[in-house]
Structures are given as C-alpha cells and as structure tokens.
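target.cif follows; it contains mmCIF, C-alpha atoms.
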data_data
#
loop_
_atom_site.label_atom_id
_atom_site.label_comp_id
_atom_site.auth_asym_id
_atom_site.auth_seq_id
_atom_site.Cartn_x
_atom_site.Cartn_y
_atom_site.Cartn_z
CA MET A 421 193.53 39.32 -14.61
CA ALA A 422 192.70 41.81 -11.93
CA ASN A 423 195.08 44.72 -11.64
CA GLU A 424 193.92 45.84 -8.21
CA ILE A 425 195.79 44.92 -5.05
CA LEU A 426 193.85 43.00 -2.44
CA GLY A 427 193.82 44.75 0.94
CA ARG A 428 194.68 41.71 3.02
CA THR A 429 197.76 41.15 0.89
CA VAL A 430 199.62 43.79 2.91
CA GLU A 431 202.44 42.50 5.07
CA PHE A 432 202.80 44.54 8.26
CA LEU A 433 205.81 43.93 10.48
CA VAL A 434 206.79 45.71 13.68
CA CYS A 435 209.64 45.10 16.12
CA ARG A 436 211.70 46.90 18.71
CA ASP A 437 214.24 49.32 17.32
CA GLY A 438 217.29 47.38 16.25
CA GLU A 439 215.64 43.96 16.32
CA THR A 440 215.02 41.91 13.19
CA LEU A 441 211.93 42.47 11.05
CA ASN A 442 211.38 38.78 10.34
CA ALA A 443 208.22 36.68 10.20
CA GLY A 444 208.02 36.78 13.99
CA ALA A 445 207.51 40.53 13.75
CA SER A 446 204.21 40.13 11.92
CA VAL A 447 201.52 42.04 13.80
CA GLY A 448 199.01 39.39 12.76
CA LYS A 449 195.23 39.57 13.14
CA THR A 450 195.37 43.12 11.79
CA THR A 451 191.90 44.27 10.80
CA ASP A 452 192.58 47.82 9.60
CA LEU A 453 195.61 49.68 8.35
CA SER A 454 195.83 53.19 7.01
CA ILE A 455 198.77 55.41 6.19
CA SER A 456 198.36 59.15 6.20
CA MET A 457 200.93 61.36 4.53
CA ASN A 458 200.74 65.09 4.96
CA ALA A 459 202.62 68.16 3.81
CA ASP A 460 202.47 71.64 5.27
CA GLU A 461 201.32 74.40 2.99
CA ILE A 462 203.09 77.70 3.39
CA GLU A 463 201.27 80.73 2.12
CA THR A 464 203.39 82.97 -0.03
CA THR A 465 200.75 85.47 -1.04
CA SER A 466 202.12 88.93 -1.70
CA PHE A 467 200.91 92.21 -3.17
CA ASP A 468 202.00 90.81 -6.53
CA SER A 469 199.59 87.84 -6.30
CA ALA A 470 196.76 89.79 -7.84
CA GLY A 471 194.31 88.77 -5.11
CA VAL A 472 194.87 85.02 -5.49
CA ARG A 473 196.54 83.20 -2.61
CA THR A 474 199.76 81.39 -3.49
CA TYR A 475 201.44 78.58 -1.60
CA THR A 476 204.62 76.56 -1.44
CA LYS A 477 205.10 73.08 -0.09
CA GLY A 478 206.48 72.78 3.44
CA GLN A 479 207.53 69.97 5.77
CA ARG A 480 206.08 66.49 5.37
CA ASP A 481 205.07 63.97 7.95
CA MET A 482 203.41 60.59 8.13
CA THR A 483 201.21 58.67 10.54
CA ILE A 484 200.02 55.09 10.56
CA ASP A 485 196.73 54.00 12.09
CA PHE A 486 195.96 50.33 12.56
CA SER A 487 193.81 47.95 14.54
CA PHE A 488 194.34 44.37 15.52
CA ILE A 489 192.62 41.66 17.50
CA PHE A 490 194.61 41.01 20.64
CA ASP A 491 196.36 37.66 20.42
CA ASP A 492 196.98 36.04 23.79
CA SER A 493 199.43 33.50 22.43
CA GLY A 494 202.61 35.53 22.82
CA ASN A 495 202.45 37.57 19.63
CA GLN A 496 205.76 39.42 19.91
CA ALA A 497 204.90 42.28 17.55
CA GLN A 498 201.68 43.05 19.38
CA GLU A 499 203.48 42.99 22.71
CA ASP A 500 206.16 45.32 21.34
CA ILE A 501 203.50 47.78 20.19
CA ILE A 502 201.50 47.74 23.41
CA SER A 503 204.51 47.98 25.68
CA SER A 504 206.26 50.65 23.63
CA TRP A 505 203.63 53.24 24.50
CA HIS A 506 205.02 53.18 28.05
CA ASN A 507 208.60 52.59 26.87
CA LEU A 508 208.60 49.16 28.47
CA ALA A 509 210.34 45.99 27.37
CA GLY A 510 208.53 44.27 24.51
CA GLY A 511 207.80 40.69 23.66
CA ASP A 512 211.43 39.68 23.60
CA GLY A 513 212.28 41.52 26.81
CA THR A 514 214.26 44.18 24.96
CA THR A 515 213.72 47.76 26.00
CA ALA A 516 214.05 50.34 23.26
CA ILE A 517 214.81 53.92 24.16
CA ASP A 518 211.78 56.18 23.84
CA GLY A 519 209.61 53.33 22.61
CA ILE A 520 210.91 53.51 19.08
CA LEU A 521 209.75 50.70 16.82
CA ASP A 522 211.02 49.52 13.46
CA PHE A 523 208.28 48.85 10.96
CA SER A 524 207.86 47.50 7.47
CA ILE A 525 204.73 47.73 5.35
CA LYS A 526 204.74 45.87 2.04
CA LEU A 527 201.61 46.65 0.11
CA GLU A 528 201.99 43.77 -2.33
CA GLY A 529 203.00 41.24 0.31
CA SER A 530 206.44 39.93 1.15
CA SER A 531 207.43 39.41 -2.49
CA GLY A 532 206.09 42.76 -3.65
CA GLN A 533 207.99 45.90 -4.48
CA MET A 534 205.76 48.55 -2.94
CA SER A 535 207.18 49.08 0.52
CA LEU A 536 207.46 51.56 3.32
CA ILE A 537 210.15 50.92 5.90
CA GLY A 538 211.21 53.08 8.80
CA GLU A 539 210.84 53.86 12.46
CA CYS A 540 207.80 54.99 14.42
CA PHE A 541 206.48 55.42 17.92
CA ILE A 542 203.01 54.90 19.31
CA THR A 543 201.02 58.06 19.94
CA SER A 544 197.66 56.49 20.71
CA LEU A 545 196.71 53.10 22.05
CA SER A 546 193.08 52.18 22.63
CA TYR A 547 192.17 48.83 24.09
CA SER A 548 188.51 47.97 23.67
CA THR A 549 186.30 45.05 24.45
CA GLY A 550 182.67 44.48 23.54
CA MET A 551 180.26 42.17 25.30
CA ASP A 552 180.16 39.56 22.57
CA ASP A 553 183.26 40.49 20.67
CA VAL A 554 186.94 39.70 20.92
CA GLN A 555 189.26 42.25 22.48
CA ARG A 556 190.66 44.75 20.03
CA VAL A 557 193.48 47.29 20.04
CA ASP A 558 193.44 50.48 17.99
CA CYS A 559 196.75 52.28 17.50
CA SER A 560 198.15 55.42 16.00
CA ALA A 561 201.84 55.75 15.27
CA ARG A 562 203.96 58.69 14.27
CA VAL A 563 206.59 57.83 11.69
CA SER A 564 209.84 59.28 13.01
CA THR A 565 212.17 58.07 10.27
CA ILE A 566 211.47 56.94 6.72
CA GLY A 567 214.09 54.55 5.38
CA THR A 568 212.35 53.27 2.27
CA TYR A 569 209.55 55.07 0.49
CA ASP A 570 208.55 53.07 -2.55
CA PHE A 571 204.85 53.31 -3.11
CA LEU A 572 204.93 52.82 -6.83
CA PRO A 573 204.81 49.34 -8.35
CA ALA A 574 207.56 48.28 -10.70
CA ALA A 575 206.92 49.38 -14.26
CA MET B 956 185.96 19.97 12.66
CA ALA B 957 182.60 21.44 11.72
CA ALA B 958 180.91 23.59 14.33
CA GLN B 959 177.84 21.35 14.40
CA LEU B 960 179.90 18.35 15.46
CA ASP B 961 181.84 20.39 18.02
CA VAL B 962 178.61 21.62 19.61
CA ALA B 963 176.90 18.22 19.52
CA THR B 964 179.94 16.59 21.10
CA PHE B 965 180.07 19.28 23.76
CA ILE B 966 176.38 18.95 24.63
CA ALA B 967 176.62 15.17 24.86
CA SER B 968 179.68 15.33 27.07
CA SER B 969 178.10 17.97 29.33
CA LEU B 970 174.69 16.39 29.95
CA GLY B 971 174.59 12.93 31.44
CA SER B 972 171.28 12.05 29.79
CA LEU B 973 172.70 12.49 26.30
CA THR B 974 175.10 10.37 24.28
CA LEU B 975 176.55 11.40 20.94
CA GLY B 976 175.19 9.21 18.19
CA THR B 977 172.50 7.73 20.43
CA ASN B 978 170.20 10.61 21.34
CA CYS B 979 172.39 13.59 20.43
CA PHE B 980 173.28 14.04 16.77
CA ALA B 981 175.30 16.34 14.56
CA GLY B 982 173.13 16.75 11.51
CA PRO B 983 169.51 17.20 10.45
CA VAL B 984 166.54 15.93 12.44
CA LYS B 985 165.98 12.19 12.19
CA LYS B 986 162.53 10.67 12.51
CA VAL B 987 161.84 8.39 15.44
CA SER B 988 162.77 4.87 14.40
CA THR B 989 162.84 1.86 16.66
CA GLY B 990 164.73 -0.13 14.07
CA SER B 991 167.42 2.50 13.63
CA GLY B 992 167.53 3.31 17.32
CA ILE B 993 166.46 6.92 16.93
CA PRO B 994 164.65 7.79 20.18
CA HIS B 995 161.79 10.18 20.79
CA THR B 996 163.75 12.45 23.07
CA ALA B 997 166.74 13.67 21.15
CA VAL B 998 168.92 16.66 20.35
CA PHE B 999 170.06 17.59 16.85
CA VAL B 1000 172.69 20.15 15.92
CA ILE B 1001 172.82 21.44 12.37
CA GLY B 1002 175.17 24.06 10.94
CA THR B 1003 173.50 27.11 9.44
CA GLY B 1004 176.46 28.80 7.85
CA GLY B 1005 177.22 31.86 9.86
CA LEU B 1006 178.58 35.29 9.20
CA GLN B 1007 181.30 36.19 6.75
CA LYS B 1008 184.78 35.58 8.07
CA GLU B 1009 186.61 38.73 9.19
CA ALA B 1010 189.81 38.39 7.21
CA PHE B 1011 193.14 39.58 8.60
CA ILE B 1012 195.58 41.86 6.83
CA ASP B 1013 198.47 39.48 7.04
CA GLY B 1014 200.47 39.09 3.87
CA GLY B 1015 197.66 37.43 1.96
CA SER B 1016 197.13 34.59 4.42
CA LYS B 1017 193.62 33.17 4.68
CA GLY B 1018 193.49 33.71 8.43
CA GLY B 1019 190.47 35.38 9.93
CA LEU B 1020 187.90 35.47 12.67
CA SER B 1021 185.02 33.10 11.95
CA ARG B 1022 181.50 33.31 13.31
CA PRO B 1023 179.75 30.06 12.43
CA THR B 1024 176.14 29.58 13.44
CA VAL B 1025 174.35 26.38 14.41
CA GLN B 1026 170.79 25.48 15.29
CA VAL B 1027 170.25 23.13 18.21
CA LEU B 1028 166.88 21.41 18.00
CA ILE B 1029 165.53 19.64 21.09
CA ARG B 1030 162.75 17.11 20.65
CA SER B 1031 160.67 15.93 23.59
CA ASP B 1032 159.25 12.53 24.25
CA LYS B 1033 155.79 12.22 22.77
CA ASN B 1034 153.42 14.68 24.46
CA ASP B 1035 156.00 15.40 27.20
CA PHE B 1036 156.14 19.17 27.13
CA SER B 1037 157.65 19.68 30.58
CA GLY B 1038 160.35 17.06 30.05
CA GLY B 1039 161.30 18.59 26.72
CA LEU B 1040 161.37 22.08 28.14
CA SER B 1041 163.59 20.93 30.98
CA LEU B 1042 166.02 19.34 28.52
CA ALA B 1043 165.99 22.45 26.32
CA GLU B 1044 166.81 24.63 29.32
CA SER B 1045 169.62 22.29 30.31
CA VAL B 1046 171.07 22.48 26.81
CA MET B 1047 170.74 26.27 26.86
CA ALA B 1048 172.61 26.47 30.15
CA VAL B 1049 175.48 24.51 28.63
CA VAL B 1050 175.85 26.14 25.23
CA ASP B 1051 175.09 29.81 25.90
CA MET B 1052 178.38 31.46 26.87
CA GLY B 1053 179.93 28.01 26.81
CA PRO B 1054 182.45 27.61 23.98
CA PRO B 1055 182.41 23.95 22.90
CA THR B 1056 186.19 23.56 22.63
CA ALA B 1057 189.30 25.62 23.32
CA SER B 1058 189.35 26.57 19.62
CA TYR B 1059 186.34 28.81 20.18
CA VAL B 1060 186.35 32.17 21.89
CA GLU B 1061 182.63 32.37 22.53
CA SER B 1062 179.26 30.75 21.98
CA ARG B 1063 176.16 32.89 22.32
CA SER B 1064 172.51 32.09 21.97
CA ASN B 1065 170.53 34.63 19.97
CA THR B 1066 167.72 34.40 22.53
CA SER B 1067 167.54 34.27 26.33
CA GLU B 1068 165.55 31.07 26.41
CA PRO B 1069 164.91 28.19 23.99
CA ILE B 1070 162.37 28.98 21.29
CA TYR B 1071 159.33 26.72 21.34
CA ILE B 1072 158.51 25.91 17.73
CA GLY B 1073 155.48 23.62 18.25
CA THR B 1074 154.96 19.96 17.63
CA ASP B 1075 155.98 17.79 14.75
CA ASP B 1076 153.44 15.67 12.88
CA THR B 1077 153.63 12.93 15.51
CA GLY B 1078 153.11 15.09 18.60
CA HIS B 1079 156.69 15.66 19.72
CA HIS B 1080 157.31 19.13 21.13
CA GLU B 1081 160.34 20.90 19.71
CA TRP B 1082 162.53 23.77 20.84
CA SER B 1083 165.25 25.60 18.96
CA ILE B 1084 168.40 27.28 20.23
CA ASN B 1085 170.25 29.35 17.66
CA LEU B 1086 173.93 29.84 18.42
CA THR B 1087 176.55 32.16 17.03
CA LEU B 1088 180.07 30.98 17.73
CA THR B 1089 183.34 32.86 17.46
CA LYS B 1090 186.62 31.17 16.57
#
Mind turning this structure into structure tokens?
Amino acid sequence: MANEILGRTVEFLVCRDGETLNAGASVGKTTDLSISMNADEIETTSFDSAGVRTYTKGQRDMTIDFSFIFDDSGNQAQEDIISSWHNLAGGDGTTAIDGILDFSIKLEGSSGQMSLIGECFITSLSYSTGMDDVQRVDCSARVSTIGTYDFLPAA
Amino acid sequence: MAAQLDVATFIASSLGSLTLGTNCFAGPVKKVSTGSGIPHTAVFVIGTGGLQKEAFIDGGSKGGLSRPTVQVLIRSDKNDFSGGLSLAESVMAVVDMGPPTASYVESRSNTSEPIYIGTDDTGHHEWSINLTLTK
C-alpha cells in the first residue's frame, strides 16, 4: 500500500469571513496549490561568536499560492476570491470587511487529519486567457490568522 | 457520450448533405457497399484518444479538464476531387472553433485546411481533419 499522499486529494475550501466552510465553499477546478511558510532569522552574532554568525528564530508568516480554472457556473468560492481583492461582495452577496476570507486546506481530503484552517486575504490576482485554452486565475493569499496548524498525520 | 459520436452528430446536423448513419458515421471507415447502403461520398469520425486529463485538486474527485482528439475523414465520390474538397472544407468550417455540444469548451483543428491524404484503392479521394476538443 502506498504511503504517499496523492496531490489531488487535497480539499481546498474558501468562503467569506464568517460564512460556513461547507461543500459549497470548495474552490473546485484547482490546478495548483502551494503553501509557503517562512520564519525571519535574526542575527545574534557578537564578539563572542568566534567569527561564526549566529542566529535566532524570529516572526513567522505564511502565504498560499493557487490557480484554478474559472468556472462560469456560479462557483461561490471562486467568486468570493475574485471579488475579495477589491473588497466587494462575494458569491453570496455578503461583503466582508477588508476582503478577509476563511479558508480550510485538508491535505488528506475531508476525512483526513492534516489540516490548515484560518483566515487570509488576496494579495495577487492574475486572470489569464490563452488562445486555445480555458481561462485561468492565479492567486496569492497572505494568511492573516492561523486557527489550526496540523500538518502531521496521526501516528 | 464519446467525442467521436458528438462530432459526427454535430457535422450531420450542421451540413444538409449529410445524415448520421447514412453518409456520416461515428467509427472507422467503411468500404463502399451498395448492399449495406454505404455510399461513396461519406464522412467518418473516429476517436484517437487525446491528451491526458488535467486533474483538479478537489478532495480526491475524478474531475478534470479533458482534451479528447478525433480524426474526421472525408471521402469523395469516385474520382471527384473537387466535390470531395468542397465537402472537406465545409466540414472544416463547421468543426474548427465549433464545439459540437454545450459540454465542450472548444474544438480546434490542428491544421488550417483539411489534409489531403490521397486516394484509397478504389480511387476515392480522402481528406483528414484532426481535431482537439476541450471539455
């Protein structure tokens, strides 16, 4: 039995802040998803470091980059994402202050235990169309609040 | 429904000279047969597989963007090159940038004009149109 986790298993939900992250919040037609976690490095080198730089860990932050094929059938999550860049009302007509979105990423799918849940806002939205291709949207989001950080599978 | 049947149905419904199952077929080329009613001038649409489906990251669902390919083969009446070419151009005008049903996003020919592929062993001229569909 394979121990790896299939990429397309990931469940990716997005909704307006305060709305419900249910099946209707599935971004759907997502073609790429990457999560980048960073930590500042603070140099603490002193005269006592014997010529070798020393560091301590600083503040952490997280971004999410993802792409999806635009779905013209009233995909609420996609509408929420696109409209939130301009702080407009999303798919359900609800306006969220400052374009804040709730998100949930479950790496093992809906029944899995590896999950990342929190709030984010869109920092980059790129809408592209090729001559013979479907229309695609590339997004970057800054995670503003982390509610659940559970990247490790159950033992 | 298979792409070859969708395209064959679309061609037959778009060109008045063609009727599905009479002189427009979904499937491999059939030899001319008076007894079976297979005419000289005919169009055949056969599926050729296509590209790998672009799967979606969506909780393990099997959803994805498909790009099936089909070959449309146009056969002329015996020794009627101009008639066959005219039919091939008519088919090209219908299927290139003409999705066969609302389930498809696009249908593109891989060439600008039908490809003449010569005559069969009984003197019928043949043209090929290779389509890539998106659904």
query = chain A residues within 9 Å of chain B, counting all atoms listed in the file: which ones, as a VMD selection string?
reply = chain A and resid 426 to 432 446 to 453 488 526 to 530 552 to 554
Go ahead and write the selection's residues with C-alpha atoms as a PDB file, in the frame of the given file.
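Okay, again.pdb is ready:
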ATOM      1  CA  LEU A 426     193.850  43.000  -2.440  1.00  0.00           C
ATOM      2  CA  GLY A 427     193.820  44.750   0.940  1.00  0.00           C
ATOM      3  CA  ARG A 428     194.680  41.710   3.020  1.00  0.00           C
ATOM      4  CA  THR A 429     197.760  41.150   0.890  1.00  0.00           C
ATOM      5  CA  VAL A 430     199.620  43.790   2.910  1.00  0.00           C
ATOM      6  CA  GLU A 431     202.440  42.500   5.070  1.00  0.00           C
ATOM      7  CA  PHE A 432     202.800  44.540   8.260  1.00  0.00           C
ATOM      8  CA  SER A 446     204.210  40.130  11.920  1.00  0.00           C
ATOM      9  CA  VAL A 447     201.520  42.040  13.800  1.00  0.00           C
ATOM     10  CA  GLY A 448     199.010  39.390  12.760  1.00  0.00           C
ATOM     11  CA  LYS A 449     195.230  39.570  13.140  1.00  0.00           C
ATOM     12  CA  THR A 450     195.370  43.120  11.790  1.00  0.00           C
ATOM     13  CA  THR A 451     191.900  44.270  10.800  1.00  0.00           C
ATOM     14  CA  ASP A 452     192.580  47.820   9.600  1.00  0.00           C
ATOM     15  CA  LEU A 453     195.610  49.680   8.350  1.00  0.00           C
ATOM     16  CA  PHE A 488     194.340  44.370  15.520  1.00  0.00           C
ATOM     17  CA  LYS A 526     204.740  45.870   2.040  1.00  0.00           C
ATOM     18  CA  LEU A 527     201.610  46.650   0.110  1.00  0.00           C
ATOM     19  CA  GLU A 528     201.990  43.770  -2.330  1.00  0.00           C
ATOM     20  CA  GLY A 529     203.000  41.240   0.310  1.00  0.00           C
ATOM     21  CA  SER A 530     206.440  39.930   1.150  1.00  0.00           C
ATOM     22  CA  ASP A 552     180.160  39.560  22.570  1.00  0.00           C
ATOM     23  CA  ASP A 553     183.260  40.490  20.670  1.00  0.00           C
ATOM     24  CA  VAL A 554     186.940  39.700  20.920  1.00  0.00           C
TER      25      VAL A 554
END
task = List the residues matched by the PyMOL selection byres ((chain B and resi 1007) around 9) in the displayed structure as a count of residues only, ordered by chain and then by residue number.
result = 10
Long-range neighbours of stretch 533-541 of chain A as a PyMOL selection string, 9 Å cut-off, only C-alpha atoms, 2 positions minimum in chain = chain A and resi 437+483-484+501+504-505+518-531+543+560-574
Selection from above, C-alpha atoms, as an mmCIF file, in the coordinates of the input, can you write it?
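In the end it all went to result_22.cif:
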data_model
loop_
_atom_site.group_PDB
_atom_site.id
_atom_site.type_symbol
_atom_site.label_atom_id
_atom_site.label_comp_id
_atom_site.auth_asym_id
_atom_site.auth_seq_id
_atom_site.Cartn_x
_atom_site.Cartn_y
_atom_site.Cartn_z
ATOM 1 C CA ASP A 437 214.240 49.320 17.320
ATOM 2 C CA THR A 483 201.210 58.670 10.540
ATOM 3 C CA ILE A 484 200.020 55.090 10.560
ATOM 4 C CA ILE A 501 203.500 47.780 20.190
ATOM 5 C CA SER A 504 206.260 50.650 23.630
ATOM 6 C CA TRP A 505 203.630 53.240 24.500
ATOM 7 C CA ASP A 518 211.780 56.180 23.840
ATOM 8 C CA GLY A 519 209.610 53.330 22.610
ATOM 9 C CA ILE A 520 210.910 53.510 19.080
ATOM 10 C CA LEU A 521 209.750 50.700 16.820
ATOM 11 C CA ASP A 522 211.020 49.520 13.460
ATOM 12 C CA PHE A 523 208.280 48.850 10.960
ATOM 13 C CA SER A 524 207.860 47.500 7.470
ATOM 14 C CA ILE A 525 204.730 47.730 5.350
ATOM 15 C CA LYS A 526 204.740 45.870 2.040
ATOM 16 C CA LEU A 527 201.610 46.650 0.110
ATOM 17 C CA GLU A 528 201.990 43.770 -2.330
ATOM 18 C CA GLY A 529 203.000 41.240 0.310
ATOM 19 C CA SER A 530 206.440 39.930 1.150
ATOM 20 C CA SER A 531 207.430 39.410 -2.490
ATOM 21 C CA THR A 543 201.020 58.060 19.940
ATOM 22 C CA SER A 560 198.150 55.420 16.000
ATOM 23 C CA ALA A 561 201.840 55.750 15.270
ATOM 24 C CA ARG A 562 203.960 58.690 14.270
ATOM 25 C CA VAL A 563 206.590 57.830 11.690
ATOM 26 C CA SER A 564 209.840 59.280 13.010
ATOM 27 C CA THR A 565 212.170 58.070 10.270
ATOM 28 C CA ILE A 566 211.470 56.940 6.720
ATOM 29 C CA GLY A 567 214.090 54.550 5.380
ATOM 30 C CA THR A 568 212.350 53.270 2.270
ATOM 31 C CA TYR A 569 209.550 55.070 0.490
ATOM 32 C CA ASP A 570 208.550 53.070 -2.550
ATOM 33 C CA PHE A 571 204.850 53.310 -3.110
ATOM 34 C CA LEU A 572 204.930 52.820 -6.830
ATOM 35 C CA PRO A 573 204.810 49.340 -8.350
ATOM 36 C CA ALA A 574 207.560 48.280 -10.700
#
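Neighbouring residues of stretch 1025-1039 of chain B at 6 Å or closer, counting all atoms listed in the file and skipping chain neighbours under 4 positions away, are His995, Thr996, Ala997, Val998, Phe999, Val1000, Ile1001, Gly1002, Thr1003, Ala1043, Gly1078, His1079, His1080, Glu1081, Trp1082, Ser1083, Ile1084, Asn1085 and Leu1086 of chain B.
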Can you list, as a short mmCIF file (atom, residue, chain, number, x, y, z; two decimals) with C-alpha atoms, keeping the file's coordinate frame, the residues that the PyMOL selection byres ((chain A and resi 546) around 9) selects here?
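The resulting file, out.cif, is reproduced below:
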data_model
loop_
_atom_site.label_atom_id
_atom_site.label_comp_id
_atom_site.auth_asym_id
_atom_site.auth_seq_id
_atom_site.Cartn_x
_atom_site.Cartn_y
_atom_site.Cartn_z
CA SER A 544 197.66 56.49 20.71
CA LEU A 545 196.71 53.10 22.05
CA TYR A 547 192.17 48.83 24.09
CA SER A 548 188.51 47.97 23.67
CA ARG A 556 190.66 44.75 20.03
CA VAL A 557 193.48 47.29 20.04
CA ASP A 558 193.44 50.48 17.99
CA CYS A 559 196.75 52.28 17.50
CA SER A 560 198.15 55.42 16.00
#
message = Quick check on the file I pasted: which residues fall under the PyMOL selection byres ((chain B and resi 963) around 7)? Write them as JSON, numbers by chain.
response = {"B": [959, 960, 961, 962, 964, 965, 966, 967, 975, 979, 980, 981, 1000]}
inquiry  = Report, in Å with one decimal, the straight-line distance from atom CA of B:Leu1042 to atom CA of B:Val987.
reply    = 17.6 Å
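Computed from the coordinates, the atom CA of A:Leu441 to atom CA of A:Asp500 distance equals 12.1 Å.
Coordinates place atom CA of B:Pro1069 at a distance of 24.5 Å from atom CA of B:Ala1057.
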request  = Name the residues in contact with A:Gln479 at a cut-off of 10 Å, using all atoms listed in the file, excluding same-chain residues fewer than 2 positions from it; report them as a VMD selection string.
outcome  = chain A and resid 458 to 462 477 481
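Counting only C-alpha atoms and comparing A:Cys435, A:Thr464, A:Ser454, A:Gly532, the residue that lies closest to A:Ser487 is A:Ser454.
Among the candidate residues B:Leu973, B:Val984, B:Ile993, B:Ile1072, the one lying nearest to B:Ser1045 is B:Leu973, with distances computed using only C-alpha atoms.
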Could stretch 488-512 of chain A be completed with N, CA and C atoms and written as a short mmCIF file (atom, residue, chain, number, x, y, z; two decimals), in the frame of the given file, please?
data_model
loop_
_atom_site.label_atom_id
_atom_site.label_comp_id
_atom_site.auth_asym_id
_atom_site.auth_seq_id
_atom_site.Cartn_x
_atom_site.Cartn_y
_atom_site.Cartn_z
N PHE A 488 194.16 45.82 15.56
CA PHE A 488 194.34 44.37 15.52
C PHE A 488 193.56 43.71 16.65
N ILE A 489 193.26 42.46 16.45
CA ILE A 489 192.62 41.66 17.50
C ILE A 489 193.72 41.14 18.41
N PHE A 490 193.56 41.40 19.70
CA PHE A 490 194.61 41.01 20.64
C PHE A 490 194.77 39.49 20.64
N ASP A 491 196.02 39.08 20.51
CA ASP A 491 196.36 37.66 20.42
C ASP A 491 197.07 37.27 21.71
N ASP A 492 196.44 36.40 22.48
CA ASP A 492 196.98 36.04 23.79
C ASP A 492 197.94 34.84 23.72
N SER A 493 198.54 34.66 22.57
CA SER A 493 199.43 33.50 22.43
C SER A 493 200.90 33.91 22.35
N GLY A 494 201.21 35.10 22.83
CA GLY A 494 202.61 35.53 22.82
C GLY A 494 203.02 36.14 21.50
N ASN A 495 202.13 36.88 20.88
CA ASN A 495 202.45 37.57 19.63
C ASN A 495 203.44 38.70 19.94
N GLN A 496 204.68 38.51 19.51
CA GLN A 496 205.76 39.42 19.91
C GLN A 496 205.55 40.83 19.37
N ALA A 497 205.09 40.95 18.14
CA ALA A 497 204.90 42.28 17.55
C ALA A 497 203.82 43.06 18.31
N GLN A 498 202.75 42.38 18.63
CA GLN A 498 201.68 43.05 19.38
C GLN A 498 202.17 43.48 20.76
N GLU A 499 202.95 42.63 21.39
CA GLU A 499 203.48 42.99 22.71
C GLU A 499 204.45 44.17 22.61
N ASP A 500 205.23 44.20 21.55
CA ASP A 500 206.16 45.32 21.34
C ASP A 500 205.38 46.63 21.19
N ILE A 501 204.29 46.57 20.43
CA ILE A 501 203.50 47.78 20.19
C ILE A 501 202.86 48.27 21.48
N ILE A 502 202.22 47.35 22.20
CA ILE A 502 201.50 47.74 23.41
C ILE A 502 202.46 48.26 24.47
N SER A 503 203.58 47.58 24.63
CA SER A 503 204.51 47.98 25.68
C SER A 503 205.30 49.23 25.30
N SER A 504 205.44 49.51 24.04
CA SER A 504 206.26 50.65 23.63
C SER A 504 205.60 51.98 24.00
N TRP A 505 204.29 51.98 24.12
CA TRP A 505 203.63 53.24 24.50
C TRP A 505 204.20 53.73 25.83
N HIS A 506 204.50 52.80 26.74
CA HIS A 506 205.02 53.18 28.05
C HIS A 506 206.53 52.95 28.13
N ASN A 507 207.15 52.79 26.97
CA ASN A 507 208.60 52.59 26.87
C ASN A 507 209.07 51.38 27.67
N LEU A 508 208.24 50.36 27.73
CA LEU A 508 208.60 49.16 28.47
C LEU A 508 209.20 48.11 27.53
N ALA A 509 209.78 47.08 28.15
CA ALA A 509 210.34 45.99 27.37
C ALA A 509 209.23 45.31 26.57
N GLY A 510 209.53 44.89 25.37
CA GLY A 510 208.53 44.27 24.51
C GLY A 510 208.50 42.78 24.64
N GLY A 511 207.99 42.12 23.61
CA GLY A 511 207.80 40.69 23.66
C GLY A 511 209.07 39.91 23.88
N ASP A 512 210.18 40.42 23.41
CA ASP A 512 211.43 39.68 23.60
C ASP A 512 212.22 40.19 24.79
#
